[in-house]
2 protein chains.
Amino acid sequence: MSITIYDVAREANVSMATVSRVVNGNPNVKPTTRKKVLDTIERLGYRPNAVARGLASKKTTTVGAIIPDISSSFFSELARGIEDIASMYKYNIILSSSDQNQDKEVHLINTMLEKQVDGIVFMGGQITDEHIQQFNSAHVPVVLAATKDDTKHIPSVNIDYEKAAYEATTDLIERTKEQPALITGGKHVQANGYKYQGYVRALEKAGIELDESYIFENETTYNGGIDAAGEMLEKGKRPKAVFVTTDEMAVGVIHGLQDANIQVPEDVEVFGFNNTRVALMVRPTLTTIVQPMYDIGAVAMRLLTKYMNKEEVEENTVILPHRMIERDSTK
Amino acid sequence: MSITIYDVAREANVSMATVSRVVNGNPNVKPTTRKKVLDTIERLGYRPNAVARGLASKKTTTVGAIIPDISSSFFSELARGIEDIASMYKYNIILSSSDQNQDKEVHLINTMLEKQVDGIVFMGGQITDEHIQQFNSAHVPVVLAATKDDTKHIPSVNIDYEKAAYEATTDLIERTKEQPALITGGKHVQANGYKYQGYVRALEKAGIELDESYIFENETTYNGGIDAAGEMLEKGKRPKAVFVTTDEMAVGVIHGLQDANIQVPEDVEVFGFNNTRVALMVRPTLTTIVQPMYDIGAVAMRLLTKYMNKEEVEENTVILPHRMIERDSTK
DNA sequence: ATGAAAGCGCTAACAA
DNA sequence: TTGTTAGCGCTTTCAT
């Protein structure tokens with residue numbers, strides 16, 4: 001059927017071991033033999049079988065990546081970061097979307113372990129004890145990307161969400177001298193919890209008493225933003241500013257306001273989060289927090305390669321810097 | 001080290017074959033033995049090694065997906081379609097971005113074949129003879145998604161780009177009675193070629209002589225759109241309408257025009273292509289052609305499963321329907 | 001520098 | 001219904 005290492009060995013009058021050596025770049029091969037082998041590989045069109053190699057060597061050079069939704073621009077940029085570094089280190093990626101569904105997550109991790117991935121990059125909303133247990137029972141390293149593990153047992157790469165939210169809220173308060181509304185996704189997503197905390201801390205710091213009726217929860221989508229803005233207006237809330245925990249949602253908020261003839265930023269300032277591509281694709285352009293998604297993915301993958309190579313790692317919880325970009329949706 | 005099928009067999013007092021049978025759901029196992037085996041699997045925490053299985057069975061239940069750029073929303077939706085169907089059929093996906101670079105593409109295909117994927121879904125700009133040769137020498141089926149093979153040798157799933165572009169252009173002409181500008185990506189991408197043809201055919205049909213100076217080529221990105229709009233205005237071209245071959249670029253065109261104080265659609269109508277999420281995230285909302293990306297991915301993957309199961313396939317070149325959505329960027 | 005041979009963990013005849 | 005056994009294609013000691 002297919003050409004095997006054995007065929008090459010026979011044709012080249014050497015042993016399988018020698019063929020294996022030249023295929024794997026082992027230097028202990030006489031140049032002339034190497035050439036001979038290389039020639040017959042070429043001639044026969046031999047293609048090494050990575051599955052057999054994986055079985056024999058116990059390394060597959062593939063890593064698993066679990067992501068909430070590959071079609072979300074936020075996560076797909078992260079995925080690209082992972083991928084670029086992975087391919088730099090000659091790894092392939094088995095990519096799966098989990099929709100943040102814990103059963104799916106558990107199942108995916110299991111499948112990937114069955115496939116003998118050399119490591120896993122995990123992105124999700126919430127890390128539970130079950131996750132931690134599964135990660136520990138896996139005999140391969142796991143790194144969390146843009147996903148917090150409060151216990152710090154699992155290596156992870158993030159930005160400081162609390163601080164970023166604090167800064168955004170403070171920025172808004174400095175100009176408006178009042179509580180900005182908060183439009184956010186569900187609290188079950190850990191990052192939202194941190195953002196909420198930062199928001200609250202900013203109010204405290206400014207000596208403003210928290211009014212919970214200025215907090216709106218909705219889906220973290222464009223339509224969720226529109227709906228949240230609608231709900232806010234319906235309830236008669238007219239804050240001078242809104243802090244929205246994702247850009248896509250923030251764009252929805254902007255349009256929801258504009259559709260009600262409210263000017264951004266003149267009447268209401270809007271502050272986003274993540275600096276996804278849409279932040280620039282809206283008028284007024286969106287002031288937001290830059291969460292370097294690509295970098296998070298890249299750094300997480302780089303970290304994973306270190307674990308896979310059993311290199312020493314100084315710090316297993318990395319916090320990447322974020323920054324604020326002031327655009328036209330705030331004054 | 002790890003628990004193997006052999007350990008389970010020993011502990012359960014059966015043969016490896018029996019364990020293999022229960023793991024694979026083979027019905028030829030007495031219920032009591034099945035239970036006994038299942039219990040000891042549970043007790044030992046046995047996890048089947050898919051690599052060994054793949055070597056023995058010559059099936060890996062993983063397929064390769066080659067995509068130009070996973071961080072583009074266009075392709076990431078496609079990827080999601082592929083993924084959903086793949087997981088429905090218990091396949092995993094090795095996903096890699098090629099940046100439409102032919103060397104990378106060739107290399108990726110090769111790596112995936114080494115990894116013994118059971119099939120490949122390929123997305124790219126241009127199918128060359130080298131691709132076709134490589135696909136033919138692969139011993140696994142390949143399906144193209146949103147990618148044309150003019151020779152029709154390789155199965156593919158697409159929409160009719162030429163017709164869609166014809167319809168969009170005609171729609172514009174009906175209102176403006178003149179040649180709309182065409183803002184497009186590079187001609188080396190086959191789909192752009194088809195769109196160009198549709199554009200030209202619409203002009204012919206309307207009896208309008210083609211003026212090439214109304215055609216602008218740029219990167220198919222938001223900024224590419226802004227730049228193309230700028231170039232158009234700079235050259236003193238003031239068409240009543242513009243047909244743009246991707247939405248993201250079209251949003252750039254809209255903003256480029258608006259930034260020059262040109263009203264959309266009052267002064268210039270803008271027509272996009274693809275109906276990606278951004279089409280709704282711009283004001284005015286974008287009139288566009290709905291290319292069902294998710295469906296293309298899903299259908300392509302479904303088609304691939306048929307080939308992998310050696311099922312009969314009636315038609316290997318499938319054209320999915322598209323449609324036009326009129327929104328506010330046109331009159 | 002090269003070869004022989006024993007696995008890696010599993011599936012799939014074939015036998016019983 | 002169950003067990004035996006021969007691979008799958010490669011890596012990796014251990015010799016030579």
# chains A, B, ... in the order shown; residues from 1 in each chain; ligands from 1
call {"tool": "interface_residues", "arguments": {"of": "chain D", "to": "chain B", "cutoff": "12 Å", "atoms": "only C-alpha atoms (C1' of nucleotides)", "output": "number ranges by chain"}}
result
D: 1-10
call {"tool": "select_by_dssp", "arguments": {"residues": "range 83-294 of chain A", "states": "strand (DSSP E)", "output": "mmCIF file with all heavy atoms, in the first residue's frame"}}
result
data_model
loop_
_atom_site.group_PDB
_atom_site.id
_atom_site.type_symbol
_atom_site.label_atom_id
_atom_site.label_comp_id
_atom_site.auth_asym_id
_atom_site.auth_seq_id
_atom_site.Cartn_x
_atom_site.Cartn_y
_atom_site.Cartn_z
ATOM 1 N N ASN A 92 1.352 20.951 15.818
ATOM 2 C CA ASN A 92 0.043 21.162 15.217
ATOM 3 C C ASN A 92 -0.977 21.321 16.330
ATOM 4 O O ASN A 92 -0.736 20.949 17.467
ATOM 5 C CB ASN A 92 -0.344 19.980 14.338
ATOM 6 C CG ASN A 92 0.437 19.958 13.055
ATOM 7 O OD1 ASN A 92 1.352 19.175 12.903
ATOM 8 N ND2 ASN A 92 0.093 20.838 12.143
ATOM 9 N N ILE A 93 -2.119 21.858 15.943
ATOM 10 C CA ILE A 93 -3.146 22.151 16.917
ATOM 11 C C ILE A 93 -4.436 21.419 16.621
ATOM 12 O O ILE A 93 -4.931 21.470 15.499
ATOM 13 C CB ILE A 93 -3.467 23.653 16.896
ATOM 14 C CG1 ILE A 93 -2.217 24.432 17.191
ATOM 15 C CG2 ILE A 93 -4.608 23.965 17.828
ATOM 16 C CD1 ILE A 93 -2.315 25.289 18.365
ATOM 17 N N ILE A 94 -4.953 20.750 17.610
ATOM 18 C CA ILE A 94 -6.317 20.237 17.508
ATOM 19 C C ILE A 94 -7.195 21.253 18.203
ATOM 20 O O ILE A 94 -7.056 21.500 19.399
ATOM 21 C CB ILE A 94 -6.468 18.861 18.187
ATOM 22 C CG1 ILE A 94 -5.643 17.820 17.443
ATOM 23 C CG2 ILE A 94 -7.933 18.439 18.199
ATOM 24 C CD1 ILE A 94 -5.818 16.415 17.971
ATOM 25 N N LEU A 95 -8.056 21.872 17.426
ATOM 26 C CA LEU A 95 -8.824 23.011 17.922
ATOM 27 C C LEU A 95 -10.282 22.608 18.078
ATOM 28 O O LEU A 95 -10.867 22.033 17.169
ATOM 29 C CB LEU A 95 -8.694 24.118 16.873
ATOM 30 C CG LEU A 95 -8.876 25.592 17.152
ATOM 31 C CD1 LEU A 95 -10.335 25.942 17.163
ATOM 32 C CD2 LEU A 95 -8.226 26.046 18.427
ATOM 33 N N SER A 96 -10.875 22.916 19.226
ATOM 34 C CA SER A 96 -12.292 22.626 19.406
ATOM 35 C C SER A 96 -12.997 23.720 20.184
ATOM 36 O O SER A 96 -12.441 24.282 21.119
ATOM 37 C CB SER A 96 -12.472 21.308 20.165
ATOM 38 O OG SER A 96 -11.983 20.235 19.413
ATOM 39 N N SER A 97 -14.216 23.991 19.796
ATOM 40 C CA SER A 97 -15.031 24.965 20.508
ATOM 41 C C SER A 97 -15.865 24.265 21.569
ATOM 42 O O SER A 97 -16.407 23.187 21.340
ATOM 43 C CB SER A 97 -15.964 25.685 19.536
ATOM 44 O OG SER A 97 -15.230 26.415 18.591
ATOM 45 N N ILE A 120 -1.960 21.077 26.440
ATOM 46 C CA ILE A 120 -3.274 21.662 26.175
ATOM 47 C C ILE A 120 -3.273 23.141 26.545
ATOM 48 O O ILE A 120 -2.774 23.528 27.601
ATOM 49 C CB ILE A 120 -4.365 20.936 26.995
ATOM 50 C CG1 ILE A 120 -4.560 19.498 26.468
ATOM 51 C CG2 ILE A 120 -5.689 21.691 26.947
ATOM 52 C CD1 ILE A 120 -5.608 18.695 27.216
ATOM 53 N N VAL A 121 -3.823 23.947 25.656
ATOM 54 C CA VAL A 121 -4.119 25.335 25.996
ATOM 55 C C VAL A 121 -5.624 25.418 26.188
ATOM 56 O O VAL A 121 -6.387 25.036 25.297
ATOM 57 C CB VAL A 121 -3.688 26.314 24.890
ATOM 58 C CG1 VAL A 121 -4.023 27.740 25.294
ATOM 59 C CG2 VAL A 121 -2.211 26.192 24.600
ATOM 60 N N PHE A 122 -6.010 25.905 27.317
ATOM 61 C CA PHE A 122 -7.439 25.919 27.633
ATOM 62 C C PHE A 122 -7.953 27.332 27.820
ATOM 63 O O PHE A 122 -7.377 28.134 28.556
ATOM 64 C CB PHE A 122 -7.678 25.114 28.914
ATOM 65 C CG PHE A 122 -9.136 25.010 29.297
ATOM 66 C CD1 PHE A 122 -9.925 23.984 28.801
ATOM 67 C CD2 PHE A 122 -9.714 25.951 30.142
ATOM 68 C CE1 PHE A 122 -11.269 23.890 29.143
ATOM 69 C CE2 PHE A 122 -11.055 25.867 30.483
ATOM 70 C CZ PHE A 122 -11.833 24.838 29.987
ATOM 71 N N VAL A 142 -0.795 21.786 31.047
ATOM 72 C CA VAL A 142 -1.957 22.570 30.633
ATOM 73 C C VAL A 142 -1.674 24.031 30.950
ATOM 74 O O VAL A 142 -1.124 24.336 32.006
ATOM 75 C CB VAL A 142 -3.210 22.126 31.411
ATOM 76 C CG1 VAL A 142 -4.388 23.016 31.072
ATOM 77 C CG2 VAL A 142 -3.540 20.670 31.133
ATOM 78 N N VAL A 143 -2.024 24.914 30.044
ATOM 79 C CA VAL A 143 -1.893 26.348 30.301
ATOM 80 C C VAL A 143 -3.238 27.000 30.005
ATOM 81 O O VAL A 143 -3.871 26.690 28.987
ATOM 82 C CB VAL A 143 -0.788 26.981 29.424
ATOM 83 C CG1 VAL A 143 -0.796 28.493 29.554
ATOM 84 C CG2 VAL A 143 0.581 26.430 29.796
ATOM 85 N N LEU A 144 -3.662 27.875 30.890
ATOM 86 C CA LEU A 144 -4.903 28.612 30.677
ATOM 87 C C LEU A 144 -4.596 29.921 29.959
ATOM 88 O O LEU A 144 -3.630 30.601 30.298
ATOM 89 C CB LEU A 144 -5.564 28.932 32.013
ATOM 90 C CG LEU A 144 -5.812 27.757 32.948
ATOM 91 C CD1 LEU A 144 -6.423 28.246 34.254
ATOM 92 C CD2 LEU A 144 -6.711 26.739 32.283
ATOM 93 N N ALA A 145 -5.414 30.266 28.989
ATOM 94 C CA ALA A 145 -5.233 31.522 28.268
ATOM 95 C C ALA A 145 -6.476 32.367 28.445
ATOM 96 O O ALA A 145 -7.582 31.906 28.181
ATOM 97 C CB ALA A 145 -4.966 31.267 26.790
ATOM 98 N N SER A 156 -1.211 30.092 33.886
ATOM 99 C CA SER A 156 -2.165 30.857 33.086
ATOM 100 C C SER A 156 -1.561 32.158 32.594
ATOM 101 O O SER A 156 -0.577 32.660 33.142
ATOM 102 C CB SER A 156 -3.404 31.165 33.933
ATOM 103 O OG SER A 156 -3.041 31.957 35.042
ATOM 104 N N VAL A 157 -2.166 32.692 31.552
ATOM 105 C CA VAL A 157 -1.753 33.971 30.984
ATOM 106 C C VAL A 157 -2.980 34.862 30.886
ATOM 107 O O VAL A 157 -3.968 34.494 30.261
ATOM 108 C CB VAL A 157 -1.133 33.779 29.584
ATOM 109 C CG1 VAL A 157 -0.717 35.111 28.995
ATOM 110 C CG2 VAL A 157 0.054 32.827 29.642
ATOM 111 N N ASN A 158 -2.913 36.012 31.489
ATOM 112 C CA ASN A 158 -4.052 36.926 31.539
ATOM 113 C C ASN A 158 -3.579 38.366 31.577
ATOM 114 O O ASN A 158 -2.395 38.632 31.647
ATOM 115 C CB ASN A 158 -4.852 36.682 32.832
ATOM 116 C CG ASN A 158 -5.684 35.436 32.781
ATOM 117 O OD1 ASN A 158 -6.700 35.389 32.119
ATOM 118 N ND2 ASN A 158 -5.229 34.393 33.479
ATOM 119 N N ILE A 159 -4.544 39.263 31.551
ATOM 120 C CA ILE A 159 -4.240 40.616 31.975
ATOM 121 C C ILE A 159 -4.932 40.799 33.318
ATOM 122 O O ILE A 159 -5.649 39.910 33.778
ATOM 123 C CB ILE A 159 -4.730 41.697 30.985
ATOM 124 C CG1 ILE A 159 -6.251 41.671 30.880
ATOM 125 C CG2 ILE A 159 -4.086 41.524 29.637
ATOM 126 C CD1 ILE A 159 -6.811 42.921 30.220
ATOM 127 N N ALA A 181 -22.875 53.872 34.124
ATOM 128 C CA ALA A 181 -23.564 52.584 34.110
ATOM 129 C C ALA A 181 -22.549 51.496 33.791
ATOM 130 O O ALA A 181 -21.495 51.760 33.215
ATOM 131 C CB ALA A 181 -24.675 52.587 33.065
ATOM 132 N N LEU A 182 -22.873 50.272 34.189
ATOM 133 C CA LEU A 182 -22.037 49.129 33.835
ATOM 134 C C LEU A 182 -22.896 48.169 33.023
ATOM 135 O O LEU A 182 -23.965 47.749 33.480
ATOM 136 C CB LEU A 182 -21.524 48.429 35.093
ATOM 137 C CG LEU A 182 -20.787 47.097 34.864
ATOM 138 C CD1 LEU A 182 -19.461 47.326 34.140
ATOM 139 C CD2 LEU A 182 -20.549 46.364 36.182
ATOM 140 N N ILE A 183 -22.438 47.856 31.827
ATOM 141 C CA ILE A 183 -23.152 46.864 31.018
ATOM 142 C C ILE A 183 -22.208 45.694 30.830
ATOM 143 O O ILE A 183 -21.117 45.844 30.293
ATOM 144 C CB ILE A 183 -23.596 47.467 29.678
ATOM 145 C CG1 ILE A 183 -24.654 48.553 29.953
ATOM 146 C CG2 ILE A 183 -24.166 46.390 28.762
ATOM 147 C CD1 ILE A 183 -25.284 49.159 28.719
ATOM 148 N N THR A 184 -22.637 44.560 31.292
ATOM 149 C CA THR A 184 -21.710 43.434 31.393
ATOM 150 C C THR A 184 -22.369 42.112 31.023
ATOM 151 O O THR A 184 -23.588 42.018 30.907
ATOM 152 C CB THR A 184 -21.173 43.355 32.846
ATOM 153 O OG1 THR A 184 -20.287 42.244 32.956
ATOM 154 C CG2 THR A 184 -22.304 43.156 33.842
ATOM 155 N N ILE A 215 -26.541 48.896 36.857
ATOM 156 C CA ILE A 215 -25.796 47.749 36.322
ATOM 157 C C ILE A 215 -26.730 46.875 35.507
ATOM 158 O O ILE A 215 -27.790 46.479 35.977
ATOM 159 C CB ILE A 215 -25.163 46.945 37.470
ATOM 160 C CG1 ILE A 215 -24.182 47.845 38.221
ATOM 161 C CG2 ILE A 215 -24.473 45.697 36.938
ATOM 162 C CD1 ILE A 215 -23.491 47.184 39.376
ATOM 163 N N PHE A 216 -26.332 46.590 34.281
ATOM 164 C CA PHE A 216 -27.177 45.813 33.380
ATOM 165 C C PHE A 216 -26.424 44.602 32.849
ATOM 166 O O PHE A 216 -25.295 44.721 32.378
ATOM 167 C CB PHE A 216 -27.638 46.685 32.218
ATOM 168 C CG PHE A 216 -28.400 47.892 32.674
ATOM 169 C CD1 PHE A 216 -27.728 49.071 32.979
ATOM 170 C CD2 PHE A 216 -29.773 47.836 32.850
ATOM 171 C CE1 PHE A 216 -28.416 50.186 33.432
ATOM 172 C CE2 PHE A 216 -30.474 48.949 33.302
ATOM 173 C CZ PHE A 216 -29.796 50.128 33.604
ATOM 174 N N GLU A 217 -27.084 43.476 32.941
ATOM 175 C CA GLU A 217 -26.457 42.253 32.489
ATOM 176 C C GLU A 217 -27.161 41.781 31.230
ATOM 177 O O GLU A 217 -28.390 41.814 31.153
ATOM 178 C CB GLU A 217 -26.603 41.200 33.590
ATOM 179 C CG GLU A 217 -25.491 40.187 33.634
ATOM 180 C CD GLU A 217 -25.630 39.280 34.850
ATOM 181 O OE1 GLU A 217 -25.559 39.801 35.981
ATOM 182 O OE2 GLU A 217 -25.807 38.070 34.655
ATOM 183 N N ALA A 241 -22.222 58.282 31.294
ATOM 184 C CA ALA A 241 -21.227 57.388 30.697
ATOM 185 C C ALA A 241 -21.604 55.936 30.959
ATOM 186 O O ALA A 241 -22.340 55.631 31.892
ATOM 187 C CB ALA A 241 -19.842 57.670 31.278
ATOM 188 N N VAL A 242 -21.079 55.059 30.096
ATOM 189 C CA VAL A 242 -21.329 53.627 30.238
ATOM 190 C C VAL A 242 -20.020 52.885 30.041
ATOM 191 O O VAL A 242 -19.286 53.143 29.085
ATOM 192 C CB VAL A 242 -22.318 53.107 29.175
ATOM 193 C CG1 VAL A 242 -22.695 51.658 29.476
ATOM 194 C CG2 VAL A 242 -23.554 53.972 29.105
ATOM 195 N N PHE A 243 -19.757 51.989 30.962
ATOM 196 C CA PHE A 243 -18.616 51.101 30.785
ATOM 197 C C PHE A 243 -19.170 49.741 30.378
ATOM 198 O O PHE A 243 -19.992 49.160 31.087
ATOM 199 C CB PHE A 243 -17.822 51.005 32.096
ATOM 200 C CG PHE A 243 -16.732 49.970 32.074
ATOM 201 C CD1 PHE A 243 -15.887 49.822 30.976
ATOM 202 C CD2 PHE A 243 -16.531 49.136 33.171
ATOM 203 C CE1 PHE A 243 -14.884 48.864 30.962
ATOM 204 C CE2 PHE A 243 -15.526 48.171 33.170
ATOM 205 C CZ PHE A 243 -14.707 48.040 32.054
ATOM 206 N N VAL A 244 -18.732 49.277 29.218
ATOM 207 C CA VAL A 244 -19.250 48.017 28.674
ATOM 208 C C VAL A 244 -18.106 47.010 28.646
ATOM 209 O O VAL A 244 -16.996 47.341 28.230
ATOM 210 C CB VAL A 244 -19.798 48.215 27.251
ATOM 211 C CG1 VAL A 244 -20.584 46.987 26.813
ATOM 212 C CG2 VAL A 244 -20.670 49.458 27.180
ATOM 213 N N GLU A 269 -20.991 58.951 27.195
ATOM 214 C CA GLU A 269 -19.711 58.393 26.777
ATOM 215 C C GLU A 269 -19.778 56.877 26.879
ATOM 216 O O GLU A 269 -20.445 56.336 27.754
ATOM 217 C CB GLU A 269 -18.591 58.906 27.683
ATOM 218 C CG GLU A 269 -18.458 60.427 27.675
ATOM 219 C CD GLU A 269 -17.225 60.898 28.450
ATOM 220 O OE1 GLU A 269 -16.194 60.196 28.409
ATOM 221 O OE2 GLU A 269 -17.308 61.943 29.110
ATOM 222 N N VAL A 270 -19.087 56.212 25.972
ATOM 223 C CA VAL A 270 -19.095 54.750 26.001
ATOM 224 C C VAL A 270 -17.654 54.234 26.013
ATOM 225 O O VAL A 270 -16.819 54.680 25.229
ATOM 226 C CB VAL A 270 -19.846 54.166 24.787
ATOM 227 C CG1 VAL A 270 -19.753 52.637 24.775
ATOM 228 C CG2 VAL A 270 -21.309 54.599 24.808
ATOM 229 N N PHE A 271 -17.411 53.315 26.908
ATOM 230 C CA PHE A 271 -16.073 52.750 27.074
ATOM 231 C C PHE A 271 -16.176 51.240 26.880
ATOM 232 O O PHE A 271 -17.001 50.587 27.499
ATOM 233 C CB PHE A 271 -15.585 53.054 28.506
ATOM 234 C CG PHE A 271 -14.094 53.102 28.648
ATOM 235 C CD1 PHE A 271 -13.470 54.263 29.120
ATOM 236 C CD2 PHE A 271 -13.304 52.000 28.349
ATOM 237 C CE1 PHE A 271 -12.087 54.323 29.269
ATOM 238 C CE2 PHE A 271 -11.931 52.060 28.489
ATOM 239 C CZ PHE A 271 -11.309 53.224 28.950
ATOM 240 N N THR A 288 -11.381 52.141 24.476
ATOM 241 C CA THR A 288 -11.435 50.791 25.020
ATOM 242 C C THR A 288 -10.144 50.411 25.741
ATOM 243 O O THR A 288 -9.167 51.160 25.720
ATOM 244 C CB THR A 288 -11.724 49.782 23.877
ATOM 245 O OG1 THR A 288 -12.068 48.525 24.423
ATOM 246 C CG2 THR A 288 -10.522 49.632 22.974
ATOM 247 N N ILE A 289 -10.194 49.274 26.387
ATOM 248 C CA ILE A 289 -9.010 48.713 27.016
ATOM 249 C C ILE A 289 -8.391 47.722 26.043
ATOM 250 O O ILE A 289 -9.088 46.871 25.496
ATOM 251 C CB ILE A 289 -9.386 47.948 28.305
ATOM 252 C CG1 ILE A 289 -9.978 48.885 29.357
ATOM 253 C CG2 ILE A 289 -8.192 47.186 28.855
ATOM 254 C CD1 ILE A 289 -8.967 49.828 29.982
ATOM 255 N N VAL A 290 -7.105 47.860 25.808
ATOM 256 C CA VAL A 290 -6.440 46.922 24.919
ATOM 257 C C VAL A 290 -6.060 45.673 25.689
ATOM 258 O O VAL A 290 -5.181 45.698 26.541
ATOM 259 C CB VAL A 290 -5.149 47.512 24.331
ATOM 260 C CG1 VAL A 290 -4.511 46.505 23.379
ATOM 261 C CG2 VAL A 290 -5.442 48.800 23.624
#
call {"tool": "closest_atom_pairs", "arguments": {"of": "chain C", "to": "chain B", "cutoff": "9 Å", "atoms": "only C-alpha atoms (C1' of nucleotides)", "output": "CSV"}}
result
residue,atom,partner,partner_atom,distance
C:DC8,C1',B:Ala52,CA,7.7
C:DG9,C1',B:Ala52,CA,4.9
C:DC10,C1',B:Arg53,CA,4.7
C:DT11,C1',B:Ala56,CA,5.2
C:DA12,C1',B:Ser57,CA,8.4
call {"tool": "select_by_dssp", "arguments": {"residues": "range 17-117 of chain A", "states": "alpha helix (DSSP H)", "output": "ChimeraX atom specification"}}
result
/A:17-23,31-44,50-57,73-88,102-114
call {"tool": "atom_distance", "arguments": {"atom1": "C1' of DA5 in chain C", "atom2": "CA of Glu11 in chain B"}}
result
29.2 Å
call {"tool": "atom_distance", "arguments": {"atom1": "CA of Lys104 in chain A", "atom2": "CA of Asp149 in chain A"}}
result
18.8 Å
call {"tool": "residues_around", "arguments": {"residues": "Thr287 in chain B", "least_positions_apart": "6", "cutoff": "9 Å", "atoms": "only C-alpha atoms (C1' of nucleotides)", "output": "PyMOL selection string"}}
result
chain B and resi 270-273+275+279+324-330
call {"tool": "residues_around", "arguments": {"residues": "Glu130 in chain B", "least_positions_apart": "4", "cutoff": "12 Å", "atoms": "only C-alpha atoms (C1' of nucleotides)", "output": "ChimeraX atom specification"}}
result
/B:102-103,105-107,109,126,134-137
call {"tool": "residues_around", "arguments": {"residues": "Glu315 in chain A", "least_positions_apart": "4", "cutoff": "12 Å", "atoms": "only C-alpha atoms (C1' of nucleotides)", "output": "list of chain:residue names"}}
result
A:Lys152, A:His153, A:Ile154, A:Pro155, A:Ser156, A:Val157, A:Leu303, A:Lys306, A:Tyr307, A:Glu311, A:Ile319
call {"tool": "residues_around", "arguments": {"residues": "DA15 in chain D", "least_positions_apart": "3", "cutoff": "12 Å", "atoms": "only C-alpha atoms (C1' of nucleotides)", "output": "list in words"}}
result
DT2, DG3, DA4 and DA5 of chain C
call {"tool": "closest_residue", "arguments": {"among": "A:Lys163, A:Lys90, A:Arg201, A:Arg10", "to": "chain B", "atoms": "only C-alpha atoms"}}
result
A:Lys90
call {"tool": "closest_residue", "arguments": {"among": "A:Ala65, A:Met308, A:Val189, A:Met281", "to": "chain B", "atoms": "only C-alpha atoms"}}
result
A:Met281
call {"tool": "residues_around", "arguments": {"residues": "Val22 in chain B", "least_positions_apart": "4", "cutoff": "8 Å", "atoms": "only C-alpha atoms (C1' of nucleotides)", "output": "list in words"}}
result
Thr18, Asn26, Pro27, Val29, Arg34, Val37 and Leu38 of chain B
